[in-house]
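*Asks:* Take a look at my_file_10.txt, compact mmCIF, C-alpha atoms:
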# COMPACT_ATOMS: atom_id res chain seq x y z
CA MET A 1 29.88 66.53 4.80
CA VAL A 2 29.91 64.78 1.44
CA ALA A 3 32.55 64.44 -1.23
CA ASN A 4 32.53 66.71 -4.26
CA LEU A 5 31.82 64.61 -7.35
CA SER A 6 33.37 67.17 -9.72
CA LYS A 7 36.95 66.81 -8.56
CA ILE A 8 39.48 67.78 -11.24
CA PRO A 9 42.84 65.97 -11.12
CA LEU A 10 46.12 67.86 -11.02
CA ALA A 11 47.60 67.28 -14.47
CA GLY A 12 50.38 64.72 -14.49
CA VAL A 13 50.27 63.91 -10.76
CA GLY A 14 50.13 60.20 -10.00
CA HIS A 15 49.39 60.26 -6.27
CA VAL A 16 48.25 63.03 -3.92
CA ILE A 17 49.05 62.22 -0.29
CA LEU A 18 47.69 64.42 2.51
CA VAL A 19 49.82 64.54 5.67
CA SER A 20 47.59 65.73 8.48
CA SER A 21 47.51 65.85 12.25
CA ALA A 22 44.43 67.87 13.20
CA LYS A 23 46.66 69.14 16.05
CA GLY A 24 49.67 71.43 15.98
CA GLY A 25 52.96 70.61 17.62
CA VAL A 26 53.18 66.90 16.84
CA GLY A 27 55.82 67.23 14.11
CA LYS A 28 53.56 66.91 11.09
CA SER A 29 55.67 69.16 8.85
CA THR A 30 58.85 67.37 9.90
CA VAL A 31 57.25 64.08 8.90
CA ALA A 32 55.91 65.50 5.61
CA VAL A 33 59.29 66.90 4.53
CA ASN A 34 61.27 63.78 5.37
CA LEU A 35 58.57 61.49 3.98
CA ALA A 36 58.72 63.32 0.63
CA ILE A 37 62.49 62.87 0.46
CA ALA A 38 62.18 59.23 1.55
CA LEU A 39 59.76 58.60 -1.33
CA LYS A 40 62.33 60.16 -3.66
CA ASN A 41 65.14 58.06 -2.21
CA ILE A 42 63.23 54.78 -2.56
CA GLY A 43 62.31 55.38 -6.19
CA ARG A 44 65.42 56.87 -7.77
CA GLU A 45 63.52 57.68 -10.97
CA LYS A 46 60.44 58.96 -9.17
CA LYS A 47 59.51 62.65 -9.16
CA VAL A 48 58.15 64.04 -5.90
CA GLY A 49 56.48 67.34 -5.04
CA LEU A 50 55.78 68.94 -1.67
CA LEU A 51 53.02 71.50 -1.11
CA ASP A 52 52.88 73.49 2.10
CA ALA A 53 49.16 74.12 2.56
CA ASP A 54 49.57 75.94 5.88
CA ILE A 55 48.70 79.44 4.69
CA TYR A 56 49.08 81.15 8.07
CA GLY A 57 52.21 79.35 9.27
CA PRO A 58 54.25 78.05 6.31
CA SER A 59 57.36 76.15 7.41
CA LEU A 60 58.51 74.56 4.15
CA PRO A 61 60.82 77.43 3.06
CA LYS A 62 62.91 77.06 6.21
CA MET A 63 62.84 73.28 6.39
CA MET A 64 63.74 72.87 2.71
CA ASN A 65 66.20 75.81 2.71
CA LEU A 66 64.37 77.61 -0.08
CA ARG A 67 63.77 81.36 -0.10
CA VAL A 68 62.99 82.19 -3.70
CA LEU A 69 60.24 83.78 -5.74
CA PRO A 70 58.87 81.11 -8.12
CA GLU A 71 59.32 81.69 -11.84
CA ILE A 72 56.23 82.05 -14.05
CA ASN A 73 55.91 80.24 -17.38
CA ARG A 74 54.08 81.41 -20.52
CA GLN A 75 50.83 79.87 -19.28
CA SER A 76 51.06 82.03 -16.12
CA LEU A 77 51.76 78.97 -13.98
CA MET A 78 54.28 79.08 -11.15
CA ILE A 79 57.22 76.70 -11.54
CA PRO A 80 57.97 74.97 -8.22
CA PRO A 81 61.50 75.63 -6.93
CA VAL A 82 63.53 72.46 -6.40
CA ASN A 83 65.84 71.48 -3.58
CA PHE A 84 67.05 68.04 -2.52
CA GLY A 85 65.29 66.77 -5.65
CA ILE A 86 61.84 67.82 -4.36
CA HIS A 87 59.56 70.23 -6.25
CA CYS A 88 58.24 72.65 -3.62
CA MET A 89 55.54 75.28 -3.29
CA SER A 90 54.49 77.36 -0.28
CA MET A 91 52.77 80.62 0.52
CA GLY A 92 56.05 81.35 2.30
CA PHE A 93 57.65 81.92 -1.12
CA LEU A 94 55.14 84.66 -1.92
CA VAL A 95 55.21 86.74 1.27
CA LYS A 96 58.03 88.25 3.31
CA GLU A 97 59.45 86.06 6.05
CA GLY A 98 57.89 87.05 9.36
CA ASP A 99 54.80 88.65 7.83
CA ALA A 100 51.56 87.71 9.60
CA LEU A 101 48.68 86.99 7.23
CA THR A 102 45.31 88.13 8.56
CA TRP A 103 43.16 86.82 5.73
CA ARG A 104 39.57 85.73 6.08
CA GLY A 105 38.26 82.39 4.85
CA PRO A 106 37.42 83.31 1.22
CA ILE A 107 40.88 84.78 0.62
CA VAL A 108 42.52 81.72 2.16
CA MET A 109 40.47 79.48 -0.13
CA SER A 110 41.59 81.53 -3.12
CA ALA A 111 45.22 81.15 -2.03
CA VAL A 112 44.80 77.39 -1.70
CA GLN A 113 43.35 77.20 -5.20
CA LYS A 114 46.33 79.20 -6.50
CA LEU A 115 48.77 76.77 -4.88
CA LEU A 116 46.90 73.82 -6.39
CA ARG A 117 45.87 75.06 -9.84
CA GLY A 118 48.32 77.88 -10.44
CA VAL A 119 51.40 75.68 -10.23
CA LEU A 120 53.00 73.52 -12.91
CA TRP A 121 53.10 70.38 -10.76
CA GLY A 122 53.29 67.57 -13.29
CA PRO A 123 54.80 65.28 -14.12
CA LEU A 124 55.02 63.93 -10.57
CA ASP A 125 54.74 60.44 -9.17
CA TYR A 126 53.89 61.73 -5.70
CA LEU A 127 52.62 65.07 -4.40
CA VAL A 128 52.83 65.26 -0.61
CA ILE A 129 50.62 67.97 0.86
CA ASP A 130 51.53 69.22 4.33
CA MET A 131 48.11 70.14 5.69
CA PRO A 132 47.54 72.86 8.30
CA PRO A 133 46.47 71.88 11.82
CA GLY A 134 42.78 71.41 12.45
CA THR A 135 39.78 70.14 10.52
CA GLY A 136 38.64 73.36 8.87
CA ASP A 137 38.15 75.09 5.55
CA VAL A 138 41.55 74.30 4.01
CA GLN A 139 41.25 70.58 4.69
CA ILE A 140 37.74 70.43 3.30
CA SER A 141 38.57 72.59 0.26
CA ILE A 142 41.55 70.47 -0.77
CA SER A 143 39.78 67.17 -0.10
CA GLN A 144 36.71 68.16 -2.10
CA ASN A 145 38.41 69.79 -5.10
CA ILE A 146 41.12 67.32 -6.17
CA PRO A 147 41.27 63.53 -6.25
CA VAL A 148 43.35 62.28 -3.34
CA SER A 149 45.09 58.92 -3.02
CA GLY A 150 44.82 59.00 0.75
CA ALA A 151 45.68 60.66 4.03
CA VAL A 152 48.44 59.99 6.53
CA ILE A 153 47.68 60.93 10.13
CA VAL A 154 50.60 62.09 12.29
CA THR A 155 50.29 61.93 16.07
CA THR A 156 52.31 61.48 19.22
CA PRO A 157 51.45 58.66 21.67
CA GLN A 158 49.94 61.22 24.06
CA GLU A 159 46.20 60.87 24.61
CA ILE A 160 45.61 64.61 24.01
CA ALA A 161 47.14 64.26 20.53
CA LEU A 162 45.26 61.02 19.88
CA LEU A 163 41.95 62.77 20.57
CA ASP A 164 42.58 65.14 17.66
CA ALA A 165 43.96 62.35 15.48
CA ARG A 166 40.63 60.57 15.88
CA LYS A 167 38.87 63.72 14.69
CA GLY A 168 41.13 63.84 11.64
CA ILE A 169 40.36 60.24 10.77
CA THR A 170 36.64 60.91 11.10
CA MET A 171 36.88 64.02 8.93
CA PHE A 172 38.66 62.26 6.08
CA ARG A 173 36.28 59.32 6.15
CA ASN A 174 33.31 61.69 6.03
CA LEU A 175 34.95 63.26 2.97
CA LYS A 176 35.39 59.80 1.41
CA ILE A 177 39.19 60.06 1.65
CA LYS A 178 41.04 56.83 2.47
CA VAL A 179 43.12 56.99 5.66
CA ILE A 180 46.20 55.08 4.54
CA GLY A 181 47.70 54.87 8.00
CA ILE A 182 49.12 56.53 11.08
CA VAL A 183 52.64 57.72 11.86
CA GLU A 184 53.61 57.93 15.52
CA ASN A 185 56.09 60.75 16.03
CA MET A 186 58.11 61.27 19.24
CA SER A 187 57.39 57.64 20.07
CA VAL A 188 60.36 57.08 22.37
CA PHE A 189 63.41 58.94 23.65
CA VAL A 190 66.69 57.01 23.56
CA CYS A 191 69.45 58.36 25.79
CA GLU A 192 72.60 59.13 23.79
CA LYS A 193 74.85 58.00 26.65
CA CYS A 194 73.26 54.80 27.97
CA ASN A 195 70.65 53.91 25.27
CA HIS A 196 67.92 53.78 27.91
CA GLN A 197 64.48 54.18 26.36
CA THR A 198 61.90 56.51 27.88
CA HIS A 199 58.33 56.81 26.55
CA ILE A 200 57.89 60.47 27.45
CA PHE A 201 54.50 60.87 25.76
CA GLY A 202 53.17 57.38 26.49
CA LYS A 203 53.49 54.05 24.76
CA ASP A 204 51.68 52.38 21.86
CA GLY A 205 49.11 55.15 21.51
CA ALA A 206 49.20 55.20 17.70
CA ARG A 207 49.28 51.40 17.49
CA ASN A 208 46.14 51.20 19.61
CA LEU A 209 44.49 53.94 17.54
CA ALA A 210 45.33 52.10 14.32
CA GLN A 211 43.64 48.96 15.64
CA GLU A 212 40.68 50.92 16.94
CA SER A 213 40.18 52.74 13.62
CA GLU A 214 40.93 49.68 11.47
CA THR A 215 43.85 51.24 9.67
CA CYS A 216 47.58 50.51 9.80
CA LEU A 217 50.52 51.90 11.73
CA LEU A 218 52.91 53.04 9.00
CA GLY A 219 55.80 53.50 11.40
CA THR A 220 57.21 55.19 14.49
CA ILE A 221 59.67 58.07 14.66
CA PRO A 222 61.69 58.52 17.87
CA LEU A 223 62.06 61.78 19.76
CA ASN A 224 65.51 62.91 18.70
CA LYS A 225 67.41 66.19 19.04
CA PHE A 226 69.18 65.65 15.71
CA LEU A 227 65.86 65.50 13.87
CA ARG A 228 64.86 68.87 15.31
CA GLU A 229 68.24 70.42 14.54
CA THR A 230 68.25 69.34 10.89
CA CYS A 231 64.80 70.86 10.34
CA ASP A 232 65.82 74.13 11.95
CA GLU A 233 68.97 74.26 9.79
CA GLY A 234 67.14 73.56 6.53
CA LYS A 235 69.00 70.28 6.11
CA PRO A 236 66.38 67.50 6.23
CA LEU A 237 68.00 64.36 7.61
CA MET A 238 66.68 62.19 4.74
CA ALA A 239 68.64 64.34 2.26
CA PHE A 240 71.97 63.57 3.90
CA GLU A 241 74.01 60.66 5.21
CA SER A 242 72.86 60.97 8.80
CA ASP A 243 71.54 59.00 11.75
CA LEU A 244 70.88 55.52 10.35
CA SER A 245 68.11 54.66 12.80
CA LEU A 246 66.17 57.80 11.90
CA ARG A 247 66.70 57.25 8.19
CA LYS A 248 65.41 53.69 8.55
CA ALA A 249 62.35 54.93 10.45
CA PHE A 250 61.32 57.30 7.65
CA THR A 251 62.22 54.78 4.95
CA ASP A 252 59.97 52.23 6.63
CA VAL A 253 57.11 54.74 6.72
CA ALA A 254 57.57 55.53 3.01
CA SER A 255 57.78 51.84 2.06
CA ASN A 256 54.63 50.98 4.01
CA LEU A 257 52.85 53.97 2.47
CA ILE A 258 53.72 52.85 -1.06
CA GLU A 259 52.46 49.34 -0.33
CA ASN A 260 49.07 50.69 0.76
CA LEU A 261 48.52 53.24 -2.02
CA PRO A 262 45.70 52.67 -4.52
CA PRO A 263 46.40 52.81 -8.29
CA PRO A 264 47.73 56.19 -9.58
CA LEU A 265 45.21 58.96 -10.16
CA THR A 266 46.55 59.74 -13.66
Mind converting the file's structure to structure tokens?
*Replies:*
Amino acid sequence: MVANLSKIPLAGVGHVILVSSAKGGVGKSTVAVNLAIALKNIGREKKVGLLDADIYGPSLPKMMNLRVLPEINRQSLMIPPVNFGIHCMSMGFLVKEGDALTWRGPIVMSAVQKLLRGVLWGPLDYLVIDMPPGTGDVQISISQNIPVSGAVIVTTPQEIALLDARKGITMFRNLKIKVIGIVENMSVFVCEKCNHQTHIFGKDGARNLAQESETCLLGTIPLNKFLRETCDEGKPLMAFESDLSLRKAFTDVASNLIENLPPPLT
């Protein structure tokens, strides 16, 4: 695989950040949503967008508590709905909740192009793209058609998850996309009653992978019931005064991400 040399930037978007896991079930969307809000919180004057690129299983409408049909401007561009200060777009806004899409590859690629080019994204400082699981057509299409500042790999410490994370790193490097760093989700469980720490999925897996792949560990997110509950309720924890340790974890990830970003794309 080689990079497409005719990439066309998204007008007015400073940084495009791909949040990927290559494996489902590791909390990638949870990280993407809270990372986007953390970027907004750090830079009070910064404008942040969030694109849900999971065509078959969009989760952004529920997580961001948005169930609206986007407005269309005079240029026939969709205007991203806003909640918690984040400009959002998802295929979930365009289909009925619970509908199962059975589209083939070419139709999926057309939908991805619509979400990228048919939306009035700019001006934005950061556009966070929540990538679908895997290393398939959607990942390649996005990576080859727009300039990307870099990719963030989300994994758990479990070796099964790390195997797919390695594949994701390899894919992005083959596509000439910088892997900015790794986020370890579900890193440790802390008992609410006695504060005992249990590494349910293993210990230091992402740290070891970061060293092995010569990238950085952007941060670790603990396994926490409150984090799951806030996502299910459409109340992302970074948008509210909530658990301070969790807020600090996501803020640290966002701060480390900003430090490792290249110059803006536009």
*Asks:* In Å, rounded to a single decimal, give me how far CA of Asp137 in chain A is from CA of Val108 in chain A.
*Replies:*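 Value for the CA of Val108 in chain A-CA of Asp137 in chain A distance: 8.6 Å.
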*Asks:* Write out as a ChimeraX atom specification each polymer residue whose atoms come within 12 Å of Leu60 in chain A, counting all atoms listed in the file; drop sequence neighbours fewer than 3 positions from it.
*Replies:* /A:28-34,36,49-55,57,63-68,81-83,86-93,97,128-132,231-236
*Asks:* Given the selection you just returned, output its residues as a file containing C-alpha atoms, formatted as an mmCIF file, in the frame of the given file.
*Replies:*
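As written to disk, part34.cif reads:
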data_model
loop_
_atom_site.group_PDB
_atom_site.id
_atom_site.type_symbol
_atom_site.label_atom_id
_atom_site.label_comp_id
_atom_site.auth_asym_id
_atom_site.auth_seq_id
_atom_site.Cartn_x
_atom_site.Cartn_y
_atom_site.Cartn_z
ATOM 1 C CA LYS A 28 53.560 66.910 11.090
ATOM 2 C CA SER A 29 55.670 69.160 8.850
ATOM 3 C CA THR A 30 58.850 67.370 9.900
ATOM 4 C CA VAL A 31 57.250 64.080 8.900
ATOM 5 C CA ALA A 32 55.910 65.500 5.610
ATOM 6 C CA VAL A 33 59.290 66.900 4.530
ATOM 7 C CA ASN A 34 61.270 63.780 5.370
ATOM 8 C CA ALA A 36 58.720 63.320 0.630
ATOM 9 C CA GLY A 49 56.480 67.340 -5.040
ATOM 10 C CA LEU A 50 55.780 68.940 -1.670
ATOM 11 C CA LEU A 51 53.020 71.500 -1.110
ATOM 12 C CA ASP A 52 52.880 73.490 2.100
ATOM 13 C CA ALA A 53 49.160 74.120 2.560
ATOM 14 C CA ASP A 54 49.570 75.940 5.880
ATOM 15 C CA ILE A 55 48.700 79.440 4.690
ATOM 16 C CA GLY A 57 52.210 79.350 9.270
ATOM 17 C CA MET A 63 62.840 73.280 6.390
ATOM 18 C CA MET A 64 63.740 72.870 2.710
ATOM 19 C CA ASN A 65 66.200 75.810 2.710
ATOM 20 C CA LEU A 66 64.370 77.610 -0.080
ATOM 21 C CA ARG A 67 63.770 81.360 -0.100
ATOM 22 C CA VAL A 68 62.990 82.190 -3.700
ATOM 23 C CA PRO A 81 61.500 75.630 -6.930
ATOM 24 C CA VAL A 82 63.530 72.460 -6.400
ATOM 25 C CA ASN A 83 65.840 71.480 -3.580
ATOM 26 C CA ILE A 86 61.840 67.820 -4.360
ATOM 27 C CA HIS A 87 59.560 70.230 -6.250
ATOM 28 C CA CYS A 88 58.240 72.650 -3.620
ATOM 29 C CA MET A 89 55.540 75.280 -3.290
ATOM 30 C CA SER A 90 54.490 77.360 -0.280
ATOM 31 C CA MET A 91 52.770 80.620 0.520
ATOM 32 C CA GLY A 92 56.050 81.350 2.300
ATOM 33 C CA PHE A 93 57.650 81.920 -1.120
ATOM 34 C CA GLU A 97 59.450 86.060 6.050
ATOM 35 C CA VAL A 128 52.830 65.260 -0.610
ATOM 36 C CA ILE A 129 50.620 67.970 0.860
ATOM 37 C CA ASP A 130 51.530 69.220 4.330
ATOM 38 C CA MET A 131 48.110 70.140 5.690
ATOM 39 C CA PRO A 132 47.540 72.860 8.300
ATOM 40 C CA CYS A 231 64.800 70.860 10.340
ATOM 41 C CA ASP A 232 65.820 74.130 11.950
ATOM 42 C CA GLU A 233 68.970 74.260 9.790
ATOM 43 C CA GLY A 234 67.140 73.560 6.530
ATOM 44 C CA LYS A 235 69.000 70.280 6.110
ATOM 45 C CA PRO A 236 66.380 67.500 6.230
#
*Asks:* When distances are computed from all atoms listed in the file, which of A:Ile79, A:Ile140, A:Met186, A:Leu127 shows the smallest separation from Ile37 in chain A?
*Replies:*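 For Ile37 in chain A, the nearest of the candidates is A:Leu127.
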*Asks:* In Å to one decimal, how far is CA of Val188 in chain A from CA of Ala249 in chain A?
*Replies:*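 Computing it gives 12.3 Å between the two atoms.
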*Asks:* Would you mind listing what lies within 8 Å of Gly85 in chain A as a PyMOL selection string, with only C-alpha atoms counted and same-chain residues fewer than 4 positions away left out?
*Replies:* chain A and resi 37+40+47-48
*Asks:* Would you list the contacts of range 199-215 of chain A as JSON, numbers by chain, taking every protein, DNA or RNA residue within 6 Å and counting all atoms listed in the file, but skipping same-chain residues closer than 4 positions in sequence?
*Replies:* {"A": [157, 158, 181, 184, 188]}
*Asks:* Could those residues be written to a file, using C-alpha atoms, as a PDB file, in the frame of the given file?
*Replies:*
ATOM      1  CA  PRO A 157      51.450  58.660  21.670  1.00  0.00           C
ATOM      2  CA  GLN A 158      49.940  61.220  24.060  1.00  0.00           C
ATOM      3  CA  GLY A 181      47.700  54.870   8.000  1.00  0.00           C
ATOM      4  CA  GLU A 184      53.610  57.930  15.520  1.00  0.00           C
ATOM      5  CA  VAL A 188      60.360  57.080  22.370  1.00  0.00           C
TER       6      VAL A 188
END
*Asks:* Find the residues around range 167-170 of chain A up to 7 Å (only C-alpha atoms counted), leave out those fewer than 5 positions away in its own chain, and share them as a list of chain:residue names.
*Replies:*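 My reading of the contact set: A:Ser21, A:Ala22, A:Thr135, A:Val179.
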*Asks:* May I have the protein, DNA and RNA residues with any atom at most 9 Å from the point (37.4, 62.0, 5.8), counting all atoms listed in the file, written as a ChimeraX atom specification?
*Replies:* /A:1,3,140,143,151,168-179
*Asks:* Quick one: pull the distance between CA of Trp121 in chain A and CA of Pro61 in chain A, Å, one decimal.
*Replies:* 17.3 Å
*Asks:* My list of candidates is A:Val138, A:Gly118, A:Asn73, A:Gly25. Which is closest to Gly105 in chain A when distances are computed with only C-alpha atoms?
*Replies:*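 Nearest to Gly105 in chain A: A:Val138.
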*Asks:* For each of A:Met78, A:Gly134, A:Ser110, A:Lys7, take the minimum atom-to-atom distance to Val19 in chain A, counting only C-alpha atoms, then give the residue where this is smallest.
*Replies:*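 Using only C-alpha atoms, the shortest distance to Val19 in chain A belongs to A:Gly134.
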*Asks:* Taking into account all atoms listed in the file, which residue in the set A:Leu35, A:Ile142, A:Val148, A:Val112 is nearest to Leu246 in chain A?
*Replies:*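 The closest residue to Leu246 in chain A is A:Leu35.
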*Asks:* So that I can check the surroundings of Val119 in chain A, please list as number ranges by chain every protein, DNA and RNA residue that reaches within 9 Å of it, counting all atoms listed in the file and ignoring chain neighbours fewer than 3 positions away.
*Replies:* A: 72, 76-80, 89, 114-116, 122
*Asks:* Would you fill the gaps in range 225-248 of chain A so it has N, CA, C and O atoms, then print it as an mmCIF file, in the coordinates of the input?
*Replies:*
data_model
loop_
_atom_site.group_PDB
_atom_site.id
_atom_site.type_symbol
_atom_site.label_atom_id
_atom_site.label_comp_id
_atom_site.auth_asym_id
_atom_site.auth_seq_id
_atom_site.Cartn_x
_atom_site.Cartn_y
_atom_site.Cartn_z
ATOM 1 N N LYS A 225 66.931 64.816 19.174
ATOM 2 C CA LYS A 225 67.410 66.190 19.040
ATOM 3 C C LYS A 225 67.942 66.455 17.633
ATOM 4 O O LYS A 225 67.757 67.547 17.075
ATOM 5 N N PHE A 226 68.593 65.472 17.021
ATOM 6 C CA PHE A 226 69.180 65.650 15.710
ATOM 7 C C PHE A 226 68.106 65.923 14.657
ATOM 8 O O PHE A 226 68.303 66.731 13.741
ATOM 9 N N LEU A 227 66.959 65.285 14.802
ATOM 10 C CA LEU A 227 65.860 65.500 13.870
ATOM 11 C C LEU A 227 65.373 66.945 13.941
ATOM 12 O O LEU A 227 65.132 67.591 12.917
ATOM 13 N N ARG A 228 65.266 67.481 15.141
ATOM 14 C CA ARG A 228 64.860 68.870 15.310
ATOM 15 C C ARG A 228 65.903 69.824 14.748
ATOM 16 O O ARG A 228 65.579 70.791 14.046
ATOM 17 N N GLU A 229 67.165 69.541 15.003
ATOM 18 C CA GLU A 229 68.240 70.420 14.540
ATOM 19 C C GLU A 229 68.309 70.479 13.022
ATOM 20 O O GLU A 229 68.502 71.556 12.442
ATOM 21 N N THR A 230 68.149 69.355 12.358
ATOM 22 C CA THR A 230 68.250 69.340 10.890
ATOM 23 C C THR A 230 67.105 70.127 10.258
ATOM 24 O O THR A 230 67.300 70.785 9.236
ATOM 25 N N CYS A 231 65.922 70.068 10.855
ATOM 26 C CA CYS A 231 64.800 70.860 10.340
ATOM 27 C C CYS A 231 65.054 72.342 10.521
ATOM 28 O O CYS A 231 64.814 73.141 9.611
ATOM 29 N N ASP A 232 65.546 72.730 11.691
ATOM 30 C CA ASP A 232 65.820 74.130 11.950
ATOM 31 C C ASP A 232 66.905 74.686 11.025
ATOM 32 O O ASP A 232 66.889 75.870 10.665
ATOM 33 N N GLU A 233 67.844 73.836 10.629
ATOM 34 C CA GLU A 233 68.970 74.260 9.790
ATOM 35 C C GLU A 233 68.654 74.178 8.296
ATOM 36 O O GLU A 233 69.473 74.575 7.463
ATOM 37 N N GLY A 234 67.470 73.708 7.949
ATOM 38 C CA GLY A 234 67.140 73.560 6.530
ATOM 39 C C GLY A 234 67.924 72.454 5.858
ATOM 40 O O GLY A 234 68.223 72.513 4.669
ATOM 41 N N LYS A 235 68.252 71.424 6.627
ATOM 42 C CA LYS A 235 69.000 70.280 6.110
ATOM 43 C C LYS A 235 68.274 68.996 6.508
ATOM 44 O O LYS A 235 68.694 68.298 7.440
ATOM 45 N N PRO A 236 67.167 68.676 5.845
ATOM 46 C CA PRO A 236 66.380 67.500 6.230
ATOM 47 C C PRO A 236 67.250 66.250 6.307
ATOM 48 O O PRO A 236 68.050 65.986 5.421
ATOM 49 N N LEU A 237 67.089 65.489 7.376
ATOM 50 C CA LEU A 237 68.000 64.360 7.610
ATOM 51 C C LEU A 237 67.948 63.342 6.481
ATOM 52 O O LEU A 237 68.955 62.692 6.173
ATOM 53 N N MET A 238 66.791 63.191 5.815
ATOM 54 C CA MET A 238 66.680 62.190 4.740
ATOM 55 C C MET A 238 67.434 62.610 3.482
ATOM 56 O O MET A 238 67.604 61.818 2.570
ATOM 57 N N ALA A 239 67.890 63.867 3.431
ATOM 58 C CA ALA A 239 68.640 64.340 2.260
ATOM 59 C C ALA A 239 70.138 64.162 2.440
ATOM 60 O O ALA A 239 70.906 64.446 1.519
ATOM 61 N N PHE A 240 70.551 63.684 3.614
ATOM 62 C CA PHE A 240 71.970 63.570 3.900
ATOM 63 C C PHE A 240 72.279 62.208 4.529
ATOM 64 O O PHE A 240 71.389 61.520 5.020
ATOM 65 N N GLU A 241 73.574 61.852 4.498
ATOM 66 C CA GLU A 241 74.010 60.660 5.210
ATOM 67 C C GLU A 241 74.015 61.018 6.694
ATOM 68 O O GLU A 241 74.891 61.708 7.182
ATOM 69 N N SER A 242 73.023 60.546 7.414
ATOM 70 C CA SER A 242 72.860 60.970 8.800
ATOM 71 C C SER A 242 72.502 59.771 9.662
ATOM 72 O O SER A 242 72.769 58.626 9.294
ATOM 73 N N ASP A 243 71.902 60.033 10.792
ATOM 74 C CA ASP A 243 71.540 59.000 11.750
ATOM 75 C C ASP A 243 70.810 57.840 11.063
ATOM 76 O O ASP A 243 69.716 58.009 10.525
ATOM 77 N N LEU A 244 71.408 56.661 11.094
ATOM 78 C CA LEU A 244 70.880 55.520 10.350
ATOM 79 C C LEU A 244 69.537 55.047 10.901
ATOM 80 O O LEU A 244 68.667 54.623 10.137
ATOM 81 N N SER A 245 69.364 55.111 12.221
ATOM 82 C CA SER A 245 68.110 54.660 12.800
ATOM 83 C C SER A 245 66.951 55.568 12.386
ATOM 84 O O SER A 245 65.845 55.086 12.096
ATOM 85 N N LEU A 246 67.208 56.877 12.344
ATOM 86 C CA LEU A 246 66.170 57.800 11.900
ATOM 87 C C LEU A 246 65.873 57.631 10.421
ATOM 88 O O LEU A 246 64.718 57.661 9.997
ATOM 89 N N ARG A 247 66.907 57.463 9.626
ATOM 90 C CA ARG A 247 66.700 57.250 8.190
ATOM 91 C C ARG A 247 65.867 55.996 7.954
ATOM 92 O O ARG A 247 64.965 55.978 7.119
ATOM 93 N N LYS A 248 66.172 54.935 8.695
ATOM 94 C CA LYS A 248 65.410 53.690 8.550
ATOM 95 C C LYS A 248 63.953 53.895 8.949
ATOM 96 O O LYS A 248 63.033 53.360 8.304
#
